[in-house]
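Chemist: The structure under discussion is supplied below as structure tokens; questions concerning it will follow.
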Amino acid sequence: MTEYFEIHDRDGPARSGELRLETPRQTPGLVDDILVDAGSKWTEERDQPEGDQSALTNLPHRALPGGTPDEVQEAFTVEYPDVDFPSAAVVSSDTATDHGTDAYVLSNAQELSGHAAAFVEAIIQTREAIPADTALYLPGVATPGNVATLAYAGVDLFDTDRAVLKGLQGKYLTTDGEAFLEDLEELPCACPACQVPRSEFDREDCAEHNENVLRAALATARERIKAGRLRDYIEGQARHEQWHTAVFRRLDQQYSYLEQRTPVLRRAELTAATDDTLRRVEIQRYAQRVTHRYRCRFDKPLVLVPCSAKKPYSDSQSHGQFHDAIQYRAHLVSMTSPIGVVPQELELTYPAQHYDSVVTGNWTATEIEFVADVLAAYLEQNEYPRAIAHLPEEYREICERAGEQAGVDFEYTAVEHPTTTESLSTLASMLSEESKYLKRERQHNTIRAIADYQFGEGAGDELFEELSVGSRYPKLRANNGDGEQLAMLVPQYGLLALTIAGARQWVDSETPVKRVEIDSFVPHGSVLAPGVVDASEGIRVGDEVVIEGPKAFAVGRAAMSGPEMVESTRGIASSVRHLEEK
Ligand SMILES: [Zn+2]
């Protein structure tokens, strides 16, 4: 239960929020000046501190070194009292548990920080052992170079100890690493501490500079989290230092930790600049859903085409030309790094129209392997009467590799480039014998494909058994056989927003429902976390959820993951789009 910490924005495991002290402190942030330590119980018996609203009081504690045997740890367990001021408890990664405080201090963070794997494991172990809506403080570790990555891992609070110490040792810190002060001919910084002549700049100034840069780095992290773009930033930072690269890669290996905290949609664009992008949850999740949940409902040949820089693809000039050649006689699937393959029905679906990649025409070995694997899995899942690769020469290796794995022989139709007149007329003539599909079929298949992607395998048929589609693409409205609206396609994210009738259909179907069970009240606009009785484990930020309690049946969009809704005592758990009172 926390009263004094509140999360406002989430970006993967990173959160931005505030410590609600007399003067609120933004997080991720520094606590040097607001932390009061009531002391260790090792040295003397401590009285309960009085505490007050202006500070975060570290309750009397008894820290134990890492690796202390369980029975010893238990014998020295500290009972934390219930206090009415902002408080923190000292924990180690092995013994972390819910003590009812607003913040938790990871006591062995510093000793672990040299070893990337153990360090990442300790942070995650602690983060998962303490309530989701409490703050995690890592003392003595922060530098301007690592705070963004640590915030990405789920750390909220830091101090200036390490940055100051390094400064006094003559190490000049920047967001991309550190330099020996003696080696610097000029000071590459505009902070107040650096406004003295180089010859007069001493180690005290260096410590002050380090602290300034750390503050700026935290402000950058907060802004990035609010914009949903922290990951892009740390992918760039990870290149500068081995330690970052190691921590960042170790973190990426904790897929389920990251996945639970990564939203299924965002407003922000995703920048694909390096191979690290391929490990992003958003990319892996899309590939997983396209190859496992999605199924092609068109009984037509497959035509593989390259993606376009313009999104959605169908708005681009090249895809306009492909469309003119194909004329509804084939199923269009775009190939792209970092997404893999994008069937035409899912071109709007996050992140297919939300990424920006560096188009060099030369794919890295990792990209080729990733896209070939996704394509092979896709071809194994979806059988086509024919498969045409209308792609530039450099994609050929991928098609051959995937085709061999899936037992598919491609017909190649592009000469030099897919948009040359010759290539386009070859494509058109290869399809001349095929019949066209109707607009209605295209619309129905789009709604059902998105439902499969969003709600799970088979959901398209379960939720939209009888379907009539109204309005124009991309603002499609899905109605049932009686003309009652079930859902609407949100063009911005390429996902469906359900109506009450749609939610009822979902509840009555075989498709697993994401449910939020609430107390006896009628939610208006949103459901707050304290009102949540239970929530499905699988709920992710951005998911459609059915909200139900003794007094209401509603549908909305999750603002927290399921586990976080259950654990949290503050904040919005879900929005409410449509509501029926009982
Ligand atoms: Zn400076």
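Ligands are numbered from 1 in the order shown, residues from 1 within each chain, and chains are lettered A, B, ... in the order they appear in the structure tokens.
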Each residue of chain A with at least one atom at most 10 Å from ligand 1 should appear once, together with its nearest atom pair and the corresponding distance in Å (one decimal); atoms considered: only C-alpha atoms and all ligand atoms; ordering: chain, then increasing residue number; output as JSON lines.
Modeler:
```
{"residue": "A:Tyr172", "atom": "CA", "partner": "ligand 1", "partner_atom_place_in_ligand_line": "1 (Zn)", "distance": 8.7}
{"residue": "A:Leu173", "atom": "CA", "partner": "ligand 1", "partner_atom_place_in_ligand_line": "1 (Zn)", "distance": 8.8}
{"residue": "A:Thr174", "atom": "CA", "partner": "ligand 1", "partner_atom_place_in_ligand_line": "1 (Zn)", "distance": 8.6}
{"residue": "A:Leu187", "atom": "CA", "partner": "ligand 1", "partner_atom_place_in_ligand_line": "1 (Zn)", "distance": 7.2}
{"residue": "A:Pro188", "atom": "CA", "partner": "ligand 1", "partner_atom_place_in_ligand_line": "1 (Zn)", "distance": 7.3}
{"residue": "A:Cys189", "atom": "CA", "partner": "ligand 1", "partner_atom_place_in_ligand_line": "1 (Zn)", "distance": 4.5}
{"residue": "A:Ala190", "atom": "CA", "partner": "ligand 1", "partner_atom_place_in_ligand_line": "1 (Zn)", "distance": 5.6}
{"residue": "A:Cys191", "atom": "CA", "partner": "ligand 1", "partner_atom_place_in_ligand_line": "1 (Zn)", "distance": 4.0}
{"residue": "A:Pro192", "atom": "CA", "partner": "ligand 1", "partner_atom_place_in_ligand_line": "1 (Zn)", "distance": 6.4}
{"residue": "A:Ala193", "atom": "CA", "partner": "ligand 1", "partner_atom_place_in_ligand_line": "1 (Zn)", "distance": 5.3}
{"residue": "A:Cys194", "atom": "CA", "partner": "ligand 1", "partner_atom_place_in_ligand_line": "1 (Zn)", "distance": 4.4}
{"residue": "A:Gln195", "atom": "CA", "partner": "ligand 1", "partner_atom_place_in_ligand_line": "1 (Zn)", "distance": 7.7}
{"residue": "A:Val196", "atom": "CA", "partner": "ligand 1", "partner_atom_place_in_ligand_line": "1 (Zn)", "distance": 10.0}
{"residue": "A:Asp205", "atom": "CA", "partner": "ligand 1", "partner_atom_place_in_ligand_line": "1 (Zn)", "distance": 8.4}
{"residue": "A:Cys206", "atom": "CA", "partner": "ligand 1", "partner_atom_place_in_ligand_line": "1 (Zn)", "distance": 7.6}
{"residue": "A:Ala207", "atom": "CA", "partner": "ligand 1", "partner_atom_place_in_ligand_line": "1 (Zn)", "distance": 9.3}
{"residue": "A:Glu208", "atom": "CA", "partner": "ligand 1", "partner_atom_place_in_ligand_line": "1 (Zn)", "distance": 7.6}
{"residue": "A:His209", "atom": "CA", "partner": "ligand 1", "partner_atom_place_in_ligand_line": "1 (Zn)", "distance": 4.1}
{"residue": "A:Asn210", "atom": "CA", "partner": "ligand 1", "partner_atom_place_in_ligand_line": "1 (Zn)", "distance": 6.8}
{"residue": "A:Glu211", "atom": "CA", "partner": "ligand 1", "partner_atom_place_in_ligand_line": "1 (Zn)", "distance": 8.6}
{"residue": "A:Asn212", "atom": "CA", "partner": "ligand 1", "partner_atom_place_in_ligand_line": "1 (Zn)", "distance": 6.5}
{"residue": "A:Val213", "atom": "CA", "partner": "ligand 1", "partner_atom_place_in_ligand_line": "1 (Zn)", "distance": 6.5}
```
Chemist: May I have the residues from that selection written out with N, CA and C atoms, as a CSV table (one decimal), in the first residue's frame?
Modeler:
```csv
chain,number,residue,atom,x,y,z
A,172,TYR,N,35.6,12.9,-15.6
A,172,TYR,CA,34.6,13.8,-16.2
A,172,TYR,C,33.5,13.0,-16.9
A,173,LEU,N,32.3,13.0,-16.4
A,173,LEU,CA,31.2,12.1,-16.9
A,173,LEU,C,30.4,12.8,-17.9
A,174,THR,N,29.9,12.1,-18.9
A,174,THR,CA,29.0,12.6,-19.9
A,174,THR,C,27.9,11.5,-20.1
A,187,LEU,N,36.3,21.8,-22.2
A,187,LEU,CA,35.2,21.1,-21.5
A,187,LEU,C,34.0,21.0,-22.4
A,188,PRO,N,33.6,19.8,-22.8
A,188,PRO,CA,32.5,19.7,-23.8
A,188,PRO,C,31.1,19.8,-23.1
A,189,CYS,N,30.9,20.9,-22.4
A,189,CYS,CA,29.6,21.0,-21.7
A,189,CYS,C,29.3,22.5,-21.4
A,190,ALA,N,28.0,22.8,-21.4
A,190,ALA,CA,27.6,24.2,-21.2
A,190,ALA,C,27.0,24.4,-19.8
A,191,CYS,N,27.2,23.4,-18.9
A,191,CYS,CA,26.6,23.6,-17.5
A,191,CYS,C,27.3,24.7,-16.7
A,192,PRO,N,26.7,25.2,-15.7
A,192,PRO,CA,27.3,26.3,-14.9
A,192,PRO,C,28.7,26.0,-14.4
A,193,ALA,N,28.9,24.7,-14.0
A,193,ALA,CA,30.2,24.4,-13.4
A,193,ALA,C,31.3,24.5,-14.5
A,194,CYS,N,31.0,24.3,-15.7
A,194,CYS,CA,32.0,24.2,-16.8
A,194,CYS,C,32.2,25.6,-17.4
A,195,GLN,N,31.7,26.7,-16.8
A,195,GLN,CA,31.9,28.0,-17.3
A,195,GLN,C,33.1,28.7,-16.7
A,196,VAL,N,34.1,28.0,-16.3
A,196,VAL,CA,35.3,28.6,-15.9
A,196,VAL,C,36.4,28.2,-16.9
A,205,ASP,N,35.0,21.2,-9.2
A,205,ASP,CA,34.1,21.6,-10.3
A,205,ASP,C,33.7,20.4,-11.1
A,206,CYS,N,34.6,19.4,-11.2
A,206,CYS,CA,34.3,18.2,-12.0
A,206,CYS,C,33.1,17.4,-11.3
A,207,ALA,N,33.2,17.4,-10.0
A,207,ALA,CA,32.1,16.7,-9.2
A,207,ALA,C,30.8,17.4,-9.5
A,208,GLU,N,30.8,18.8,-9.5
A,208,GLU,CA,29.6,19.6,-9.7
A,208,GLU,C,29.1,19.4,-11.1
A,209,HIS,N,30.0,19.4,-12.0
A,209,HIS,CA,29.6,19.1,-13.4
A,209,HIS,C,28.9,17.7,-13.5
A,210,ASN,N,29.5,16.7,-12.9
A,210,ASN,CA,29.0,15.3,-13.0
A,210,ASN,C,27.5,15.3,-12.5
A,211,GLU,N,27.3,16.0,-11.4
A,211,GLU,CA,26.0,16.1,-10.8
A,211,GLU,C,25.0,16.8,-11.7
A,212,ASN,N,25.5,17.9,-12.4
A,212,ASN,CA,24.6,18.6,-13.3
A,212,ASN,C,24.2,17.7,-14.5
A,213,VAL,N,25.2,17.0,-15.0
A,213,VAL,CA,24.9,16.1,-16.2
A,213,VAL,C,23.9,15.0,-15.7
```
Chemist: Could you tell me which of A:Leu106, A:Ala116, A:Val164, A:Ala132 comes closest to Asp32 of chain A if we count only C-alpha atoms?
Modeler: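 Smallest distance to Asp32 of chain A is found for A:Val164.
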Chemist: Check segment 301-467 of chain A with DSSP on the backbone and list each residue it calls strand (DSSP E or B), as a ChimeraX atom specification.
Modeler: /A:302-306,331-336,340-343,355-357,387-389,411-412
Chemist: Which residue, A:Ala414, A:Ile368, A:Val533, A:Val281, has the smallest gap to Met430 of chain A when you use only C-alpha atoms?
Modeler: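 Counting only C-alpha atoms, the residue closest to Met430 of chain A is A:Ala414.
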Chemist: Can you tell me which residues surround Ser107 of chain A at a distance of at most 12 Å, considering only C-alpha atoms, apart from same-chain residues fewer than 2 positions away, and format the answer as an mmCIF file with N, CA and C atoms, in the first residue's frame?
Modeler:
```cif
data_model
loop_
_atom_site.group_PDB
_atom_site.id
_atom_site.type_symbol
_atom_site.label_atom_id
_atom_site.label_comp_id
_atom_site.auth_asym_id
_atom_site.auth_seq_id
_atom_site.Cartn_x
_atom_site.Cartn_y
_atom_site.Cartn_z
ATOM 1 N N SER A 40 20.870 2.124 11.064
ATOM 2 C CA SER A 40 20.960 0.674 11.068
ATOM 3 C C SER A 40 20.721 0.132 12.466
ATOM 4 N N ASN A 58 13.891 6.579 5.662
ATOM 5 C CA ASN A 58 14.360 5.217 5.590
ATOM 6 C C ASN A 58 14.185 4.602 6.976
ATOM 7 N N HIS A 61 16.760 -0.253 9.862
ATOM 8 C CA HIS A 61 16.944 -1.444 9.031
ATOM 9 C C HIS A 61 18.128 -2.245 9.505
ATOM 10 N N ARG A 62 18.278 -3.407 8.912
ATOM 11 C CA ARG A 62 19.376 -4.284 9.252
ATOM 12 C C ARG A 62 19.771 -4.979 7.952
ATOM 13 N N ALA A 63 20.660 -4.328 7.205
ATOM 14 C CA ALA A 63 21.055 -4.878 5.910
ATOM 15 C C ALA A 63 22.014 -6.045 6.108
ATOM 16 N N LEU A 64 21.850 -7.048 5.259
ATOM 17 C CA LEU A 64 22.725 -8.213 5.322
ATOM 18 C C LEU A 64 23.454 -8.359 3.995
ATOM 19 N N PRO A 65 24.692 -8.815 4.041
ATOM 20 C CA PRO A 65 25.416 -8.971 2.777
ATOM 21 C C PRO A 65 24.788 -10.056 1.907
ATOM 22 N N GLY A 66 24.978 -9.925 0.579
ATOM 23 C CA GLY A 66 24.446 -10.921 -0.347
ATOM 24 C C GLY A 66 24.977 -12.297 0.000
ATOM 25 N N ALA A 88 10.624 4.305 3.489
ATOM 26 C CA ALA A 88 11.320 3.332 2.642
ATOM 27 C C ALA A 88 11.839 2.197 3.503
ATOM 28 N N ALA A 89 11.945 1.008 2.916
ATOM 29 C CA ALA A 89 12.507 -0.147 3.609
ATOM 30 C C ALA A 89 13.756 -0.608 2.862
ATOM 31 N N VAL A 90 14.745 -1.050 3.628
ATOM 32 C CA VAL A 90 15.968 -1.558 3.012
ATOM 33 C C VAL A 90 15.802 -3.057 2.762
ATOM 34 N N VAL A 91 16.052 -3.472 1.524
ATOM 35 C CA VAL A 91 15.920 -4.902 1.188
ATOM 36 C C VAL A 91 17.146 -5.336 0.374
ATOM 37 N N SER A 92 17.372 -6.626 0.330
ATOM 38 C CA SER A 92 18.361 -7.156 -0.617
ATOM 39 C C SER A 92 17.565 -7.942 -1.652
ATOM 40 N N SER A 93 18.184 -8.215 -2.798
ATOM 41 C CA SER A 93 17.431 -8.883 -3.860
ATOM 42 C C SER A 93 16.917 -10.251 -3.405
ATOM 43 N N ASP A 94 17.646 -10.907 -2.493
ATOM 44 C CA ASP A 94 17.219 -12.243 -2.040
ATOM 45 C C ASP A 94 16.035 -12.198 -1.088
ATOM 46 N N THR A 95 15.945 -11.113 -0.306
ATOM 47 C CA THR A 95 14.928 -11.101 0.752
ATOM 48 C C THR A 95 13.810 -10.102 0.503
ATOM 49 N N ALA A 96 13.850 -9.422 -0.649
ATOM 50 C CA ALA A 96 12.855 -8.383 -0.897
ATOM 51 C C ALA A 96 11.441 -8.941 -0.804
ATOM 52 N N TYR A 104 11.605 1.212 -1.749
ATOM 53 C CA TYR A 104 12.492 0.134 -1.316
ATOM 54 C C TYR A 104 13.903 0.462 -1.750
ATOM 55 N N VAL A 105 14.831 0.265 -0.831
ATOM 56 C CA VAL A 105 16.240 0.556 -1.104
ATOM 57 C C VAL A 105 16.944 -0.781 -1.323
ATOM 58 N N ALA A 109 22.970 -3.238 -4.277
ATOM 59 C CA ALA A 109 23.063 -2.820 -5.684
ATOM 60 C C ALA A 109 24.498 -2.514 -6.097
ATOM 61 N N GLN A 110 25.188 -1.792 -5.234
ATOM 62 C CA GLN A 110 26.522 -1.322 -5.587
ATOM 63 C C GLN A 110 27.506 -2.467 -5.788
ATOM 64 N N GLU A 111 27.463 -3.429 -4.867
ATOM 65 C CA GLU A 111 28.423 -4.534 -4.982
ATOM 66 C C GLU A 111 28.145 -5.391 -6.219
ATOM 67 N N LEU A 112 26.891 -5.388 -6.701
ATOM 68 C CA LEU A 112 26.544 -6.208 -7.856
ATOM 69 C C LEU A 112 26.814 -5.512 -9.184
ATOM 70 N N SER A 113 26.969 -4.178 -9.117
ATOM 71 C CA SER A 113 26.935 -3.424 -10.368
ATOM 72 C C SER A 113 28.077 -3.764 -11.330
ATOM 73 N N ALA A 122 19.313 -9.034 -10.063
ATOM 74 C CA ALA A 122 18.961 -8.490 -8.749
ATOM 75 C C ALA A 122 17.880 -7.423 -8.868
ATOM 76 N N ILE A 123 17.998 -6.562 -9.861
ATOM 77 C CA ILE A 123 16.997 -5.502 -10.041
ATOM 78 C C ILE A 123 15.631 -6.124 -10.335
ATOM 79 N N THR A 126 14.096 -7.997 -7.373
ATOM 80 C CA THR A 126 13.572 -7.060 -6.383
ATOM 81 C C THR A 126 12.284 -6.411 -6.878
ATOM 82 N N LEU A 136 11.536 2.005 -6.482
ATOM 83 C CA LEU A 136 12.768 1.260 -6.215
ATOM 84 C C LEU A 136 13.955 2.216 -6.276
ATOM 85 N N TYR A 137 14.754 2.184 -5.219
ATOM 86 C CA TYR A 137 15.916 3.077 -5.102
ATOM 87 C C TYR A 137 17.208 2.269 -5.147
ATOM 88 N N LEU A 138 18.089 2.634 -6.070
ATOM 89 C CA LEU A 138 19.399 1.991 -6.191
ATOM 90 C C LEU A 138 20.467 2.973 -5.731
ATOM 91 N N PRO A 139 20.973 2.808 -4.504
ATOM 92 C CA PRO A 139 21.959 3.770 -4.018
ATOM 93 C C PRO A 139 23.348 3.546 -4.620
ATOM 94 N N GLY A 140 24.044 4.657 -4.828
ATOM 95 C CA GLY A 140 25.467 4.595 -5.161
ATOM 96 C C GLY A 140 25.825 4.052 -6.521
ATOM 97 N N VAL A 141 24.902 4.066 -7.471
ATOM 98 C CA VAL A 141 25.173 3.428 -8.761
ATOM 99 C C VAL A 141 25.060 4.398 -9.940
#
```
Chemist: Could you give me, as JSON, numbers by chain, each residue of segment 64-282 of chain A that DSSP assigns to helix (DSSP H, G or I) when run on this structure's backbone?
Modeler: {"A": [70, 71, 72, 73, 74, 75, 109, 110, 111, 112, 116, 117, 118, 119, 120, 121, 122, 123, 124, 125, 126, 127, 128, 129, 147, 148, 149, 150, 151, 152, 153, 161, 162, 163, 164, 165, 166, 167, 168, 181, 182, 183, 192, 193, 194, 198, 199, 200, 203, 204, 205, 206, 207, 208, 209, 210, 211, 212, 213, 214, 215, 216, 217, 218, 219, 220, 221, 222, 223, 224, 225, 226, 227, 230, 231, 232, 233, 234, 235, 236, 237, 242, 243, 244, 245, 246, 247, 248, 249, 250, 251, 252, 255, 256, 257, 258, 259, 260, 261, 275, 276, 277, 278, 279, 281, 282]}
Chemist: Atom CA of Ala428 of chain A to atom CA of His319 of chain A: how many Å, to one decimal?
Modeler: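 Computing the Euclidean distance for atom CA of Ala428 of chain A and atom CA of His319 of chain A yields 13.7 Å.
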Chemist: Write out as a list of chain:residue names which residues come within 8 Å of Pro312 of chain A when counting only C-alpha atoms, dropping same-chain ones fewer than 5 positions away.
Modeler: A:Glu347, A:Leu348, A:Ala352, A:Gln353
Chemist: With all heavy atoms kept, could you save the residues just selected as a PDB file, in the first residue's frame?
Modeler:
```
ATOM      1  N   GLU A 347      -1.827  -3.840 -42.048  1.00  0.00           N
ATOM      2  CA  GLU A 347      -0.886  -2.754 -42.335  1.00  0.00           C
ATOM      3  C   GLU A 347      -1.014  -1.575 -41.358  1.00  0.00           C
ATOM      4  O   GLU A 347      -0.090  -0.800 -41.188  1.00  0.00           O
ATOM      5  CB  GLU A 347      -1.034  -2.250 -43.775  1.00  0.00           C
ATOM      6  CG  GLU A 347      -2.380  -1.584 -44.045  1.00  0.00           C
ATOM      7  CD  GLU A 347      -2.355  -0.670 -45.261  1.00  0.00           C
ATOM      8  OE1 GLU A 347      -1.313  -0.582 -45.922  1.00  0.00           O
ATOM      9  OE2 GLU A 347      -3.394  -0.045 -45.538  1.00  0.00           O
ATOM     10  N   LEU A 348      -2.191  -1.448 -40.715  1.00  0.00           N
ATOM     11  CA  LEU A 348      -2.372  -0.332 -39.774  1.00  0.00           C
ATOM     12  C   LEU A 348      -1.973  -0.715 -38.352  1.00  0.00           C
ATOM     13  O   LEU A 348      -1.859   0.138 -37.470  1.00  0.00           O
ATOM     14  CB  LEU A 348      -3.842   0.094 -39.744  1.00  0.00           C
ATOM     15  CG  LEU A 348      -4.459   0.614 -41.040  1.00  0.00           C
ATOM     16  CD1 LEU A 348      -5.956   0.845 -40.832  1.00  0.00           C
ATOM     17  CD2 LEU A 348      -3.784   1.905 -41.471  1.00  0.00           C
ATOM     18  N   ALA A 352       3.195  -1.854 -37.219  1.00  0.00           N
ATOM     19  CA  ALA A 352       3.442  -1.902 -38.670  1.00  0.00           C
ATOM     20  C   ALA A 352       3.432  -0.519 -39.325  1.00  0.00           C
ATOM     21  O   ALA A 352       4.155  -0.286 -40.284  1.00  0.00           O
ATOM     22  CB  ALA A 352       2.423  -2.820 -39.337  1.00  0.00           C
ATOM     23  N   GLN A 353       2.598   0.402 -38.814  1.00  0.00           N
ATOM     24  CA  GLN A 353       2.623   1.743 -39.419  1.00  0.00           C
ATOM     25  C   GLN A 353       3.305   2.762 -38.492  1.00  0.00           C
ATOM     26  O   GLN A 353       3.184   3.955 -38.667  1.00  0.00           O
ATOM     27  CB  GLN A 353       1.220   2.208 -39.811  1.00  0.00           C
ATOM     28  CG  GLN A 353       0.264   2.422 -38.664  1.00  0.00           C
ATOM     29  CD  GLN A 353      -0.922   3.310 -39.030  1.00  0.00           C
ATOM     30  OE1 GLN A 353      -0.842   4.135 -39.920  1.00  0.00           O
ATOM     31  NE2 GLN A 353      -2.023   3.137 -38.316  1.00  0.00           N
TER      32      GLN A 353
END
```
Chemist: Please determine, counting only C-alpha atoms, which residue among A:Asp37, A:Glu79, A:Glu422, A:Asp11 has the shortest atom-to-atom distance to Ala325 of chain A.
Modeler: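 Smallest separation from Ala325 of chain A among the options: A:Glu422.
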Chemist: Please list as JSON, numbers by chain every residue within 8 Å of Asp409 of chain A, counting only C-alpha atoms and excluding residues in the same chain fewer than 3 positions away.
Modeler: {"A": [387, 403, 404]}
Chemist: Those same residues - C-alpha atoms - I'd like them written as a PDB file, in the first residue's frame.
Modeler:
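Output (part_21.pdb):
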```pdb
ATOM      1  CA  ALA A 387       3.593 -17.753 -54.152  1.00  0.00           C
ATOM      2  CA  GLY A 403      10.932 -21.124 -49.163  1.00  0.00           C
ATOM      3  CA  GLU A 404      13.263 -24.032 -48.656  1.00  0.00           C
TER       4      GLU A 404
END
```
Chemist: Could you give me, as a VMD selection string, the residues within 10 Å of segment 488-498 of chain A, counting only C-alpha atoms and dropping anything in the same chain fewer than 2 positions from it?
Modeler: chain A and resid 264 to 267 312 345 to 354 446 to 448 450 to 451 453 to 455 469 to 471 473 to 479 485 to 486 500 to 506 542 to 546 555 to 557 577 to 578
Chemist: Using only C-alpha atoms, can you tell me which of A:Glu128, A:Glu3, A:Glu269, A:Glu204 comes closest to Gly228 of chain A?
Modeler: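 Selected residue with least distance to Gly228 of chain A: A:Glu269.
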Chemist: Give me, as a PyMOL selection string, all polymer residues having an atom no more than 12 Å from segment 238-242 of chain A, counting only C-alpha atoms and skipping those fewer than 4 positions away in the same chain.
Modeler: chain A and resi 114-116+145-150+174-178+231-234+246-251+273-277
Chemist: Just the selected residues (C-alpha atoms), exported as a JSON list (two decimals), in the first residue's frame, please.
Modeler:
```json
[["chain", "number", "residue", "atom", "x", "y", "z"],
["A", 114, "GLY", "CA", 30.27, -4.70, -11.69],
["A", 115, "HIS", "CA", 28.68, -7.91, -12.88],
["A", 116, "ALA", "CA", 26.04, -7.19, -15.54],
["A", 145, "GLY", "CA", 25.55, 7.30, -18.80],
["A", 146, "ASN", "CA", 23.61, 4.58, -17.01],
["A", 147, "VAL", "CA", 20.51, 6.19, -15.44],
["A", 148, "ALA", "CA", 18.36, 5.90, -18.55],
["A", 149, "THR", "CA", 19.12, 2.18, -18.82],
["A", 150, "LEU", "CA", 18.48, 1.70, -15.08],
["A", 174, "THR", "CA", 28.95, 12.57, -19.93],
["A", 175, "THR", "CA", 25.87, 10.68, -21.11],
["A", 176, "ASP", "CA", 28.06, 8.65, -23.43],
["A", 177, "GLY", "CA", 30.77, 7.65, -20.98],
["A", 178, "GLU", "CA", 33.64, 9.17, -19.00],
["A", 231, "ARG", "CA", 13.97, 2.37, -25.65],
["A", 232, "ASP", "CA", 15.10, 4.18, -28.82],
["A", 233, "TYR", "CA", 17.33, 6.35, -26.66],
["A", 234, "ILE", "CA", 19.03, 3.58, -24.72],
["A", 246, "ALA", "CA", 26.13, -5.96, -21.34],
["A", 247, "VAL", "CA", 23.40, -4.66, -19.00],
["A", 248, "PHE", "CA", 21.10, -3.83, -21.90],
["A", 249, "ARG", "CA", 21.50, -7.26, -23.55],
["A", 250, "ARG", "CA", 20.99, -9.06, -20.23],
["A", 251, "LEU", "CA", 17.84, -7.07, -19.72],
["A", 273, "ALA", "CA", 18.39, 1.85, -36.04],
["A", 274, "THR", "CA", 20.26, -1.26, -34.96],
["A", 275, "ASP", "CA", 19.98, -5.03, -34.69],
["A", 276, "ASP", "CA", 19.02, -4.50, -31.02],
["A", 277, "THR", "CA", 15.64, -3.29, -32.29]]
```
Chemist: Go through A:Ala389, A:Ala365, A:Glu282, A:Tyr437 one by one, measure the shortest atom-to-atom distance of each to Val333 of chain A using only C-alpha atoms, and give the residue with the smallest value.
Modeler: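 For Val333 of chain A, the nearest of the given residues is A:Ala389.
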